[in-house]
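**Student:** Pasting a structure below so you can have a look.
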Amino acid sequence: MSEKQTQLIKHIYERFNARDIDAVLAVLADDVAWANGMEGGHVHGREAVRDYWTRQWAIVSPHVEPVAFRKADDGAIEVEVIQRVFDLDGRPLEGQSHGLKDKTVTHIFRMEGDRIVRFDIGEAD
């Protein structure tokens with residue numbers, strides 16, 4: 001994993017937390033496969049990612065903080081993140097019915113050149 005890749009992924013988290021969808025979409029492949037943390041499965045393509053985040057941000061306010069980066073044996077970049085989820089007023093969630101909640105998870109990025117082609121969510125080690 002290069003320093004450029006690490007900086008790119010850090011930038012993605014900064015822009016996600018700032019709700020700057022366009023800045024994140026700019027580094028995704030046109031046909032990206034992106035994990036749907038709320039409902040399961042994946043969404044496909046930049047506009048599907050935009051729609052997913054727009055729906056997500058209408059009901060919760062997630063914040064993700066990367067704390068560790070490592071390269072997997074298959075070349076993927078694994079990022080351990082602290083995921084915190086708040087209501088739209090900034091209060092911690094209680095009794096949510098979707099899959100988003102406070103926890104530490106592993107985000108897995110697969111890249112081709114300077115584009116993210118696939119994003120998955122795993123459990124933290």
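Each chain of the structure tokens is named A, B, ... in the order shown, its residues numbered from 1; ligands are numbered from 1 in display order.
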Assign secondary structure with DSSP using the backbone only, and return the residues of stretch 45-81 of chain A in alpha helix (DSSP H) as an NGL selection string.
**Tutor:** :A and (46-59)
**Student:** Grab the residues selected above and save them as a PDB file, in the first residue's frame with C-alpha atoms.
**Tutor:**
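Result file is result_10.pdb:
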ATOM      1  CA  ARG A  46     -21.492   6.099  -8.359  1.00  0.00           C
ATOM      2  CA  GLU A  47     -25.107   7.274  -8.535  1.00  0.00           C
ATOM      3  CA  ALA A  48     -26.245   4.276  -6.489  1.00  0.00           C
ATOM      4  CA  VAL A  49     -23.667   5.223  -3.833  1.00  0.00           C
ATOM      5  CA  ARG A  50     -24.992   8.800  -3.892  1.00  0.00           C
ATOM      6  CA  ASP A  51     -28.563   7.537  -3.447  1.00  0.00           C
ATOM      7  CA  TYR A  52     -27.536   5.194  -0.625  1.00  0.00           C
ATOM      8  CA  TRP A  53     -25.738   7.935   1.312  1.00  0.00           C
ATOM      9  CA  THR A  54     -28.554  10.413   0.713  1.00  0.00           C
ATOM     10  CA  ARG A  55     -31.033   7.926   2.215  1.00  0.00           C
ATOM     11  CA  GLN A  56     -28.660   7.098   5.082  1.00  0.00           C
ATOM     12  CA  TRP A  57     -27.987  10.733   5.978  1.00  0.00           C
ATOM     13  CA  ALA A  58     -31.722  11.480   5.994  1.00  0.00           C
ATOM     14  CA  ILE A  59     -32.173   9.159   8.994  1.00  0.00           C
TER      15      ILE A  59
END
**Student:** Which parts of chain A does DSSP call strand (DSSP E or B) when run on the backbone here, written out as a PyMOL selection string?
**Tutor:** chain A and resi 28-35+42-44+61-71+77-86+92+103-112+115-123
**Student:** Those same residues, written as a short mmCIF file (atom, residue, chain, number, x, y, z; two decimals), in the first residue's frame with N, CA and C atoms?
**Tutor:**
data_model
loop_
_atom_site.label_atom_id
_atom_site.label_comp_id
_atom_site.auth_asym_id
_atom_site.auth_seq_id
_atom_site.Cartn_x
_atom_site.Cartn_y
_atom_site.Cartn_z
N LEU A 28 -14.21 7.14 -6.99
CA LEU A 28 -14.79 5.82 -7.17
C LEU A 28 -14.85 5.49 -8.66
N ALA A 29 -14.65 4.22 -8.98
CA ALA A 29 -14.81 3.76 -10.35
C ALA A 29 -16.28 3.92 -10.75
N ASP A 30 -16.52 4.11 -12.04
CA ASP A 30 -17.90 4.29 -12.51
C ASP A 30 -18.80 3.14 -12.07
N ASP A 31 -18.26 1.91 -12.09
CA ASP A 31 -19.05 0.73 -11.77
C ASP A 31 -18.70 0.16 -10.39
N VAL A 32 -18.31 1.01 -9.45
CA VAL A 32 -17.91 0.59 -8.12
C VAL A 32 -18.98 -0.30 -7.48
N ALA A 33 -18.53 -1.28 -6.71
CA ALA A 33 -19.42 -2.09 -5.87
C ALA A 33 -19.18 -1.61 -4.44
N TRP A 34 -20.21 -1.06 -3.80
CA TRP A 34 -20.06 -0.42 -2.49
C TRP A 34 -20.97 -1.10 -1.48
N ALA A 35 -20.40 -1.55 -0.36
CA ALA A 35 -21.18 -2.24 0.67
C ALA A 35 -22.27 -1.34 1.23
N HIS A 42 -24.68 -4.90 -1.67
CA HIS A 42 -23.88 -3.83 -2.27
C HIS A 42 -24.76 -2.99 -3.18
N VAL A 43 -24.37 -1.74 -3.33
CA VAL A 43 -24.94 -0.90 -4.37
C VAL A 43 -23.87 -0.79 -5.46
N HIS A 44 -24.30 -0.56 -6.69
CA HIS A 44 -23.37 -0.59 -7.83
C HIS A 44 -23.44 0.70 -8.61
N SER A 61 -26.76 10.18 11.35
CA SER A 61 -25.55 10.96 11.07
C SER A 61 -24.33 10.14 11.49
N PRO A 62 -23.79 9.33 10.56
CA PRO A 62 -22.63 8.51 10.90
C PRO A 62 -21.33 9.31 10.83
N HIS A 63 -20.37 8.87 11.64
CA HIS A 63 -19.02 9.44 11.63
C HIS A 63 -18.06 8.26 11.70
N VAL A 64 -17.09 8.21 10.78
CA VAL A 64 -16.12 7.12 10.77
C VAL A 64 -14.71 7.69 10.89
N GLU A 65 -13.95 7.09 11.78
CA GLU A 65 -12.59 7.56 12.04
C GLU A 65 -11.60 6.43 11.82
N PRO A 66 -10.74 6.55 10.81
CA PRO A 66 -9.75 5.50 10.58
C PRO A 66 -8.68 5.53 11.67
N VAL A 67 -8.35 4.34 12.19
CA VAL A 67 -7.34 4.27 13.25
C VAL A 67 -6.15 3.38 12.88
N ALA A 68 -6.29 2.53 11.86
CA ALA A 68 -5.18 1.66 11.45
C ALA A 68 -5.36 1.24 10.00
N PHE A 69 -4.24 1.16 9.27
CA PHE A 69 -4.24 0.75 7.87
C PHE A 69 -3.31 -0.45 7.72
N ARG A 70 -3.71 -1.41 6.88
CA ARG A 70 -2.81 -2.53 6.57
C ARG A 70 -3.17 -3.07 5.19
N LYS A 71 -2.18 -3.66 4.56
CA LYS A 71 -2.40 -4.26 3.25
C LYS A 71 -2.65 -5.75 3.43
N ILE A 77 -6.74 -2.99 0.68
CA ILE A 77 -6.35 -2.13 1.80
C ILE A 77 -7.42 -2.24 2.87
N GLU A 78 -6.99 -2.69 4.06
CA GLU A 78 -7.91 -2.85 5.18
C GLU A 78 -7.72 -1.69 6.14
N VAL A 79 -8.82 -1.06 6.50
CA VAL A 79 -8.78 0.09 7.39
C VAL A 79 -9.67 -0.20 8.59
N GLU A 80 -9.06 -0.20 9.76
CA GLU A 80 -9.84 -0.34 10.99
C GLU A 80 -10.41 1.03 11.30
N VAL A 81 -11.73 1.09 11.48
CA VAL A 81 -12.38 2.36 11.75
C VAL A 81 -13.26 2.26 12.99
N ILE A 82 -13.35 3.38 13.68
CA ILE A 82 -14.33 3.52 14.76
C ILE A 82 -15.53 4.19 14.12
N GLN A 83 -16.64 3.47 14.13
CA GLN A 83 -17.88 3.96 13.53
C GLN A 83 -18.81 4.42 14.66
N ARG A 84 -19.21 5.67 14.59
CA ARG A 84 -20.18 6.19 15.57
C ARG A 84 -21.38 6.69 14.79
N VAL A 85 -22.56 6.42 15.31
CA VAL A 85 -23.79 6.79 14.61
C VAL A 85 -24.66 7.61 15.56
N PHE A 86 -25.08 8.76 15.06
CA PHE A 86 -25.89 9.69 15.85
C PHE A 86 -27.22 9.93 15.16
N PRO A 92 -26.42 10.29 20.47
CA PRO A 92 -26.20 8.86 20.21
C PRO A 92 -27.54 8.15 19.96
N LYS A 103 -19.50 0.93 16.67
CA LYS A 103 -18.64 -0.25 16.78
C LYS A 103 -17.35 0.00 16.02
N THR A 104 -16.39 -0.88 16.21
CA THR A 104 -15.17 -0.86 15.43
C THR A 104 -15.32 -1.92 14.34
N VAL A 105 -15.07 -1.51 13.10
CA VAL A 105 -15.21 -2.41 11.96
C VAL A 105 -13.99 -2.28 11.07
N THR A 106 -13.86 -3.20 10.14
CA THR A 106 -12.81 -3.13 9.13
C THR A 106 -13.44 -2.79 7.80
N HIS A 107 -12.97 -1.73 7.18
CA HIS A 107 -13.38 -1.37 5.83
C HIS A 107 -12.32 -1.89 4.87
N ILE A 108 -12.76 -2.50 3.80
CA ILE A 108 -11.85 -3.14 2.86
C ILE A 108 -12.00 -2.46 1.50
N PHE A 109 -10.93 -1.85 1.03
CA PHE A 109 -10.93 -1.13 -0.23
C PHE A 109 -10.11 -1.91 -1.26
N ARG A 110 -10.67 -2.07 -2.44
CA ARG A 110 -9.94 -2.64 -3.56
C ARG A 110 -9.81 -1.53 -4.61
N MET A 111 -8.58 -1.34 -5.05
CA MET A 111 -8.31 -0.23 -5.96
C MET A 111 -7.70 -0.72 -7.26
N GLU A 112 -8.00 0.01 -8.32
CA GLU A 112 -7.32 -0.16 -9.60
C GLU A 112 -6.82 1.23 -9.97
N ARG A 115 -8.44 4.62 -8.45
CA ARG A 115 -9.90 4.51 -8.29
C ARG A 115 -10.25 3.34 -7.37
N ILE A 116 -11.26 3.54 -6.57
CA ILE A 116 -11.78 2.46 -5.73
C ILE A 116 -12.81 1.71 -6.56
N VAL A 117 -12.61 0.38 -6.68
CA VAL A 117 -13.52 -0.43 -7.48
C VAL A 117 -14.47 -1.25 -6.63
N ARG A 118 -14.08 -1.46 -5.36
CA ARG A 118 -14.93 -2.24 -4.46
C ARG A 118 -14.66 -1.84 -3.03
N PHE A 119 -15.75 -1.78 -2.24
CA PHE A 119 -15.67 -1.47 -0.81
C PHE A 119 -16.51 -2.48 -0.07
N ASP A 120 -15.92 -3.13 0.93
CA ASP A 120 -16.62 -4.11 1.76
C ASP A 120 -16.45 -3.74 3.22
N ILE A 121 -17.33 -4.29 4.05
CA ILE A 121 -17.27 -4.08 5.49
C ILE A 121 -17.08 -5.42 6.15
N GLY A 122 -16.05 -5.53 7.00
CA GLY A 122 -15.81 -6.76 7.75
C GLY A 122 -15.82 -6.46 9.23
N GLU A 123 -15.68 -7.47 10.00
CA GLU A 123 -15.57 -7.29 11.46
C GLU A 123 -14.13 -6.93 11.80
#
